[in-house]
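With compact mmCIF, C-alpha atoms inside, this is run_27.txt:
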# COMPACT_ATOMS: atom_id res chain seq x y z
CA MET A 199 96.52 185.73 79.92
CA ALA A 200 98.36 187.50 82.71
CA VAL A 201 99.87 184.14 83.67
CA VAL A 202 101.09 183.66 80.07
CA THR A 203 102.55 187.16 80.01
CA VAL A 204 104.33 186.93 83.36
CA GLY A 205 105.32 183.29 82.77
CA GLY A 206 106.90 184.15 79.43
CA ALA A 207 108.75 187.06 81.01
CA ILE A 208 110.09 184.82 83.77
CA VAL A 209 111.18 182.20 81.23
CA SER A 210 112.93 184.86 79.16
CA LEU A 211 114.78 186.18 82.20
CA GLU A 212 115.70 182.85 83.76
CA ALA A 213 116.59 180.84 80.63
CA LYS A 214 120.12 179.52 80.51
CA GLU A 215 120.14 179.51 76.69
CA LEU A 216 119.52 182.69 74.71
CA VAL A 217 117.25 180.90 72.26
CA TYR A 218 114.91 179.78 75.03
CA GLY A 219 114.97 183.30 76.43
CA ALA A 220 113.92 184.69 73.05
CA ILE A 221 111.10 182.14 72.82
CA GLY A 222 109.97 183.15 76.31
CA LEU A 223 110.04 186.79 75.20
CA ALA A 224 107.82 185.95 72.22
CA GLY A 225 105.39 184.17 74.55
CA SER A 226 105.32 187.14 76.88
CA LEU A 227 104.69 189.53 74.00
CA PHE A 228 101.87 187.28 72.78
CA GLY A 229 100.33 187.46 76.27
CA VAL A 230 100.49 191.26 76.10
CA ALA A 231 98.74 191.14 72.72
CA THR A 232 95.94 189.02 74.14
CA LEU A 233 95.55 191.50 76.98
CA PHE A 234 95.11 194.24 74.37
CA PHE A 235 92.40 192.12 72.73
CA LEU A 236 90.67 191.75 76.11
CA LEU A 237 90.87 195.53 76.57
CA ASN A 238 88.99 195.95 73.27
CA ALA A 239 92.00 197.42 71.45
CA PRO A 240 92.33 195.06 68.48
CA TYR A 241 94.42 197.47 66.40
CA VAL A 242 97.10 197.70 69.06
CA ALA A 243 96.92 193.94 69.61
CA VAL A 244 97.46 193.17 65.93
CA PHE A 245 100.27 195.75 65.83
CA GLN A 246 101.83 194.01 68.86
CA ILE A 247 101.67 190.62 67.17
CA ALA A 248 102.89 191.83 63.78
CA VAL A 249 105.74 194.01 64.96
CA TYR A 250 106.95 192.53 68.21
CA ILE A 251 106.35 188.84 67.74
CA GLY A 252 106.62 188.80 63.98
CA ALA A 253 109.62 191.06 63.67
CA VAL A 254 111.53 191.69 66.88
CA ALA A 255 111.31 188.26 68.49
CA VAL A 256 112.08 186.53 65.20
CA LEU A 257 114.96 188.95 64.59
CA ILE A 258 116.41 188.17 68.00
CA LEU A 259 115.98 184.43 67.43
CA PHE A 260 117.66 184.50 64.03
CA THR A 261 120.43 186.75 65.29
CA VAL A 262 121.17 184.50 68.22
CA MET A 263 120.92 181.32 66.16
CA LEU A 264 123.17 182.61 63.37
CA VAL A 265 125.83 184.31 65.46
CA ARG A 266 126.23 182.18 68.56
CA GLN A 267 127.29 178.54 68.54
CA GLU A 268 125.65 177.06 71.60
CA GLY A 269 125.47 173.46 72.68
CA TRP A 270 121.87 173.12 71.48
CA ALA A 271 122.88 173.84 67.89
CA GLY A 272 124.76 170.59 67.40
CA GLU A 273 123.57 167.92 65.02
CA ALA A 274 121.86 165.25 67.06
CA ARG A 275 119.82 162.36 65.79
CA PRO A 276 116.43 162.23 67.45
CA LYS A 277 115.74 159.16 69.51
CA SER A 278 112.93 156.88 68.44
CA THR A 279 110.84 157.86 71.47
CA THR A 280 111.21 161.52 70.55
CA THR A 281 110.10 160.83 67.00
CA VAL A 282 107.08 158.81 68.17
CA ALA A 283 106.13 161.54 70.67
CA GLY A 284 106.39 164.17 67.93
CA VAL A 285 104.17 162.19 65.56
CA ILE A 286 101.59 161.60 68.32
CA ALA A 287 101.61 165.32 69.21
CA ALA A 288 101.16 166.29 65.55
CA VAL A 289 98.23 163.89 65.12
CA ALA A 290 96.65 165.22 68.33
CA VAL A 291 96.93 168.82 67.12
CA ILE A 292 95.47 167.94 63.72
CA LEU A 293 92.56 166.07 65.33
CA ALA A 294 91.88 168.91 67.77
CA LEU A 295 91.83 171.48 64.97
CA THR A 296 89.62 169.26 62.82
CA PHE A 297 87.09 168.75 65.63
CA ALA A 298 87.15 172.48 66.43
CA VAL A 299 86.37 173.40 62.81
CA LEU A 300 83.64 170.75 62.54
CA ALA A 301 82.04 171.88 65.81
CA THR A 302 81.62 175.47 64.66
CA ASP A 303 78.65 176.65 62.67
CA LEU A 304 80.18 179.24 60.39
CA SER A 305 77.13 179.37 58.12
CA ARG A 306 75.12 181.38 60.66
CA PHE A 307 77.47 184.35 60.43
CA THR A 308 76.73 187.08 57.93
CA VAL A 309 79.33 188.89 55.88
CA ILE A 310 79.60 192.58 56.69
CA ALA A 311 80.85 194.86 53.96
CA ASN A 312 83.93 196.87 54.88
CA THR A 313 83.13 200.56 54.54
CA ALA A 314 86.36 201.95 55.99
CA THR A 315 88.61 203.90 53.65
CA TYR A 316 92.27 204.79 53.87
CA ILE A 317 91.29 208.25 55.06
CA ASP A 318 89.30 206.75 57.94
CA VAL A 319 92.23 204.56 58.96
CA GLY A 320 94.58 207.56 58.77
CA LYS A 321 92.28 209.64 60.97
CA LEU A 322 92.00 206.79 63.47
CA ILE A 323 95.77 206.31 63.64
CA SER A 324 96.60 210.01 63.89
CA THR A 325 94.01 210.85 66.55
CA GLY A 326 92.97 208.16 69.00
CA TYR A 327 95.89 205.74 68.73
CA ALA A 328 98.71 208.25 68.21
CA PRO A 329 100.12 208.13 71.78
CA VAL A 330 100.00 204.34 71.86
CA LEU A 331 101.78 204.12 68.51
CA GLU A 332 104.47 206.53 69.70
CA VAL A 333 105.15 204.41 72.77
CA LEU A 334 105.18 201.25 70.66
CA ALA A 335 107.65 202.91 68.27
CA LEU A 336 109.98 203.75 71.15
CA VAL A 337 109.80 200.20 72.49
CA LEU A 338 110.46 198.89 68.97
CA ALA A 339 113.54 201.10 68.69
CA ALA A 340 114.79 199.82 72.05
CA SER A 341 114.17 196.24 70.91
CA ILE A 342 116.19 196.76 67.75
CA VAL A 343 119.07 198.24 69.75
CA GLY A 344 118.87 195.22 72.07
CA ALA A 345 118.90 192.83 69.11
CA LEU A 346 121.96 194.58 67.70
CA ALA A 347 123.68 194.34 71.06
CA LEU A 348 122.91 190.61 71.19
CA SER A 349 124.25 190.07 67.70
CA ARG A 350 127.63 191.63 68.49
CA VAL A 351 130.33 188.96 68.42
CA ASP A 352 133.17 189.33 70.91
CA ARG A 353 136.45 188.35 69.32
CA GLU A 354 139.48 187.35 71.27
CA GLY A 355 141.91 190.24 71.67
CA ASP A 356 139.26 192.85 70.83
CA THR A 357 139.63 195.71 73.33
CA ARG A 358 136.42 197.58 72.56

Rewrite the structure of this file - the entire thing - as structure tokens.
Amino acid sequence: MAVVTVGGAIVSLEAKELVYGAIGLAGSLFGVATLFFLLNAPYVAVFQIAVYIGAVAVLILFTVMLVRQEGWAGEARPKSTTTVAGVIAAVAVILALTFAVLATDLSRFTVIANTATYIDVGKLISTGYAPVLEVLALVLAASIVGALALSRVDREGDTR
């Protein structure tokens, strides 16, 4: 997972296209989330996935894709080899997921009733995870400022 995190960060820094950099950033953030899972902090990991990958990375991607007109955005007809490779990859993913579901024995797991209330969740957030949430909020604010800076369009003759 450290390789995924560092690899995504390197891709996001070294990408020549902003879209690929944003995708690398999302991969790096996903690696950080998996590290939180490995550290037995599932709440922070889910928060990382929901906020950073689900909101910030997607916001950056949409901002870049809507504002900038790069060479990758042109209409290009896929070649027949690309189409065949895509169909083969899709079939491989579907088969892998099907075999994974069939290989599991989900009937041996028991359902545990959820006894947590909103008050318990509030106490957990405001006590143990408060410093982590504050740091995540600051990073989120910095990410939004970065996304706004990326979305700024420079016009010719603008002297700002």

Rounded to one decimal place, report the CA of Gly252 (chain A)-CA of Ala220 (chain A) distance in Å.
-> 12.3 Å

Using all atoms listed in the file, which residue out of A:Ile310, A:Leu293, A:Tyr327, A:Gly320 lies closest to Pro240 (chain A)?
->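 Nearest to Pro240 (chain A): A:Tyr327.
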
Write out as a list in words the residues lying within 9 Å of Val202 (chain A), counting all atoms listed in the file and excluding same-chain residues fewer than 4 positions away.
->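 Once the adjacent positions are removed, what remains is Gly206, Ala207, Gly225, Ser226, Phe228, Gly229 and Val230 of chain A.
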
Would you mind telling me which residue in A:Val256, A:Leu233, A:Val209, A:Ala200 lies nearest to Ile342 (chain A) when using all atoms listed in the file?
->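 Closest residue, counting all atoms listed in the file: A:Val256.
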
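Atom pair CA of Ala328 (chain A) / CA of Leu237 (chain A) has a distance of 17.1 Å (rounded to one decimal).
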
Using only C-alpha atoms, find the one residue out of A:Tyr218, A:Tyr250, A:Phe297, A:Tyr241 that sits nearest to Ala340 (chain A).
->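 Nearest candidate to Ala340 (chain A) out of A:Tyr218, A:Tyr250, A:Phe297, A:Tyr241: A:Tyr250.
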
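Between Ser341 (chain A) and the candidates A:Met199, A:Ala231, A:Leu216, A:Ile258, the tightest atom-to-atom separation, counting all atoms listed in the file, involves A:Ile258.
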
Counting only C-alpha atoms, which of A:Ile208, A:Leu227, A:Val343, A:Ile292 gets nearest to Phe245 (chain A)?
->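 Ranking A:Ile208, A:Leu227, A:Val343, A:Ile292 by distance to Phe245 (chain A), first place goes to A:Leu227.
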
For CA of Val217 (chain A) and CA of Gly205 (chain A), quote the distance in Å rounded to one decimal.
-> 16.1 Å

Residue nearest Gly344 (chain A) - candidates A:Thr280, A:Thr308, A:Thr261, A:Thr296, atoms counted: all atoms listed in the file |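 Nearest candidate to Gly344 (chain A) out of A:Thr280, A:Thr308, A:Thr261, A:Thr296: A:Thr261.
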
So that I can look at just that part, could you write region 205-357 of chain A with C-alpha atoms, as a compact mmCIF listing (two decimals), in the first residue's frame?
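Output saved as selection-v8.txt:
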# COMPACT_ATOMS: atom_id res chain seq x y z
CA GLY A 205 3.56 5.69 -6.82
CA GLY A 206 0.36 7.72 -7.11
CA ALA A 207 2.12 10.76 -5.67
CA ILE A 208 4.96 10.40 -8.17
CA VAL A 209 2.50 10.03 -11.05
CA SER A 210 0.60 13.12 -9.90
CA LEU A 211 3.80 15.16 -9.72
CA GLU A 212 5.40 13.94 -12.94
CA ALA A 213 2.34 13.79 -15.22
CA LYS A 214 2.50 15.97 -18.28
CA GLU A 215 -1.30 16.27 -18.46
CA LEU A 216 -3.29 17.68 -15.55
CA VAL A 217 -5.94 14.98 -15.86
CA TYR A 218 -3.39 12.22 -15.38
CA GLY A 219 -1.96 14.13 -12.44
CA ALA A 220 -5.40 14.30 -10.84
CA ILE A 221 -5.89 10.56 -11.38
CA GLY A 222 -2.49 9.94 -9.78
CA LEU A 223 -3.57 12.11 -6.85
CA ALA A 224 -6.72 10.02 -6.43
CA GLY A 225 -4.62 6.85 -6.45
CA SER A 226 -2.28 8.28 -3.85
CA LEU A 227 -5.19 9.30 -1.64
CA PHE A 228 -6.65 5.81 -1.98
CA GLY A 229 -3.31 4.39 -0.83
CA VAL A 230 -3.42 6.65 2.23
CA ALA A 231 -6.94 5.39 2.97
CA THR A 232 -5.77 1.78 2.82
CA LEU A 233 -2.96 2.63 5.21
CA PHE A 234 -5.57 4.00 7.62
CA PHE A 235 -7.45 0.69 7.31
CA LEU A 236 -4.23 -1.18 8.10
CA LEU A 237 -3.72 1.06 11.15
CA ASN A 238 -7.16 -0.02 12.42
CA ALA A 239 -8.71 3.42 11.88
CA PRO A 240 -11.67 2.60 9.63
CA TYR A 241 -13.54 5.83 10.38
CA VAL A 242 -10.66 7.98 9.18
CA ALA A 243 -10.16 5.68 6.18
CA VAL A 244 -13.79 5.97 5.09
CA PHE A 245 -13.63 9.74 5.66
CA GLN A 246 -10.50 9.83 3.47
CA ILE A 247 -12.23 7.93 0.68
CA ALA A 248 -15.49 9.86 0.87
CA VAL A 249 -14.06 13.35 1.14
CA TYR A 250 -10.74 13.28 -0.64
CA ILE A 251 -11.28 10.76 -3.38
CA GLY A 252 -15.01 11.23 -3.71
CA ALA A 253 -15.05 15.00 -3.52
CA VAL A 254 -11.69 16.69 -3.94
CA ALA A 255 -10.13 14.47 -6.60
CA VAL A 256 -13.36 14.38 -8.59
CA LEU A 257 -13.71 18.16 -8.22
CA ILE A 258 -10.19 18.67 -9.54
CA LEU A 259 -10.83 16.27 -12.42
CA PHE A 260 -14.08 17.95 -13.43
CA THR A 261 -12.57 21.40 -13.06
CA VAL A 262 -9.61 20.54 -15.23
CA MET A 263 -11.71 18.71 -17.80
CA LEU A 264 -14.30 21.49 -18.09
CA VAL A 265 -11.97 24.48 -18.09
CA ARG A 266 -8.87 23.40 -19.96
CA GLN A 267 -8.84 22.23 -23.56
CA GLU A 268 -5.94 19.83 -23.76
CA GLY A 269 -4.91 17.59 -26.60
CA TRP A 270 -6.40 14.51 -24.92
CA ALA A 271 -9.90 16.01 -25.03
CA GLY A 272 -10.25 15.79 -28.80
CA GLU A 273 -12.74 13.49 -30.44
CA ALA A 274 -10.88 10.43 -31.61
CA ARG A 275 -12.35 7.23 -32.92
CA PRO A 276 -10.97 4.23 -31.08
CA LYS A 277 -9.01 1.79 -33.15
CA SER A 278 -10.33 -1.72 -33.53
CA THR A 279 -7.47 -3.13 -31.42
CA THR A 280 -8.32 -0.71 -28.63
CA THR A 281 -11.96 -1.75 -28.73
CA VAL A 282 -11.07 -5.45 -28.67
CA ALA A 283 -8.63 -4.90 -25.78
CA GLY A 284 -11.32 -3.01 -23.86
CA VAL A 285 -13.88 -5.78 -24.35
CA ILE A 286 -11.35 -8.44 -23.29
CA ALA A 287 -10.43 -6.41 -20.18
CA ALA A 288 -14.11 -5.97 -19.27
CA VAL A 289 -14.80 -9.70 -19.64
CA ALA A 290 -11.72 -10.50 -17.54
CA VAL A 291 -12.87 -8.17 -14.75
CA ILE A 292 -16.39 -9.61 -14.80
CA LEU A 293 -15.04 -13.18 -14.67
CA ALA A 294 -12.64 -12.34 -11.84
CA LEU A 295 -15.41 -10.73 -9.79
CA THR A 296 -17.76 -13.64 -10.48
CA PHE A 297 -15.18 -16.22 -9.38
CA ALA A 298 -14.34 -14.15 -6.29
CA VAL A 299 -18.00 -14.01 -5.24
CA LEU A 300 -18.53 -17.72 -5.92
CA ALA A 301 -15.39 -18.66 -3.96
CA THR A 302 -16.54 -16.91 -0.80
CA ASP A 303 -18.76 -18.56 1.76
CA LEU A 304 -20.89 -15.67 2.96
CA SER A 305 -23.40 -17.96 4.68
CA ARG A 306 -21.01 -18.68 7.57
CA PHE A 307 -21.03 -15.06 8.71
CA THR A 308 -23.55 -13.96 11.29
CA VAL A 309 -25.36 -10.65 11.26
CA ILE A 310 -24.50 -8.43 14.20
CA ALA A 311 -27.10 -5.92 15.29
CA ASN A 312 -25.90 -2.32 15.28
CA THR A 313 -26.28 -0.89 18.76
CA ALA A 314 -24.54 2.45 18.18
CA THR A 315 -26.67 5.57 18.45
CA TYR A 316 -26.14 9.07 17.15
CA ILE A 317 -25.00 10.11 20.61
CA ASP A 318 -22.31 7.42 20.59
CA VAL A 319 -21.08 8.53 17.18
CA GLY A 320 -21.04 12.16 18.35
CA LYS A 321 -19.03 11.26 21.44
CA LEU A 322 -16.58 9.26 19.34
CA ILE A 323 -16.10 12.09 16.85
CA SER A 324 -15.75 14.82 19.45
CA THR A 325 -13.30 12.95 21.70
CA GLY A 326 -10.97 10.41 20.15
CA TYR A 327 -11.03 11.49 16.51
CA ALA A 328 -11.28 15.26 17.00
CA PRO A 329 -7.60 16.09 16.25
CA VAL A 330 -7.57 13.87 13.17
CA LEU A 331 -10.76 15.47 11.87
CA GLU A 332 -9.33 18.95 12.42
CA VAL A 333 -6.23 18.09 10.40
CA LEU A 334 -8.37 16.51 7.68
CA ALA A 335 -10.53 19.65 7.58
CA LEU A 336 -7.45 21.84 7.09
CA VAL A 337 -6.17 19.61 4.30
CA LEU A 338 -9.63 19.67 2.71
CA ALA A 339 -9.63 23.48 2.81
CA ALA A 340 -6.19 23.55 1.19
CA SER A 341 -7.41 21.11 -1.48
CA ILE A 342 -10.39 23.31 -2.30
CA VAL A 343 -8.14 26.36 -2.60
CA GLY A 344 -5.87 24.34 -4.90
CA ALA A 345 -8.84 23.25 -7.02
CA LEU A 346 -9.97 26.86 -7.33
CA ALA A 347 -6.48 27.90 -8.35
CA LEU A 348 -6.45 25.17 -11.01
CA SER A 349 -9.82 26.23 -12.34
CA ARG A 350 -8.74 29.83 -12.90
CA VAL A 351 -8.61 30.58 -16.62
CA ASP A 352 -5.89 32.94 -17.81
CA ARG A 353 -7.21 35.22 -20.51
CA GLU A 354 -5.02 37.03 -22.95
CA GLY A 355 -4.40 40.62 -21.90
CA ASP A 356 -5.43 39.95 -18.28
CA THR A 357 -2.88 41.66 -16.02
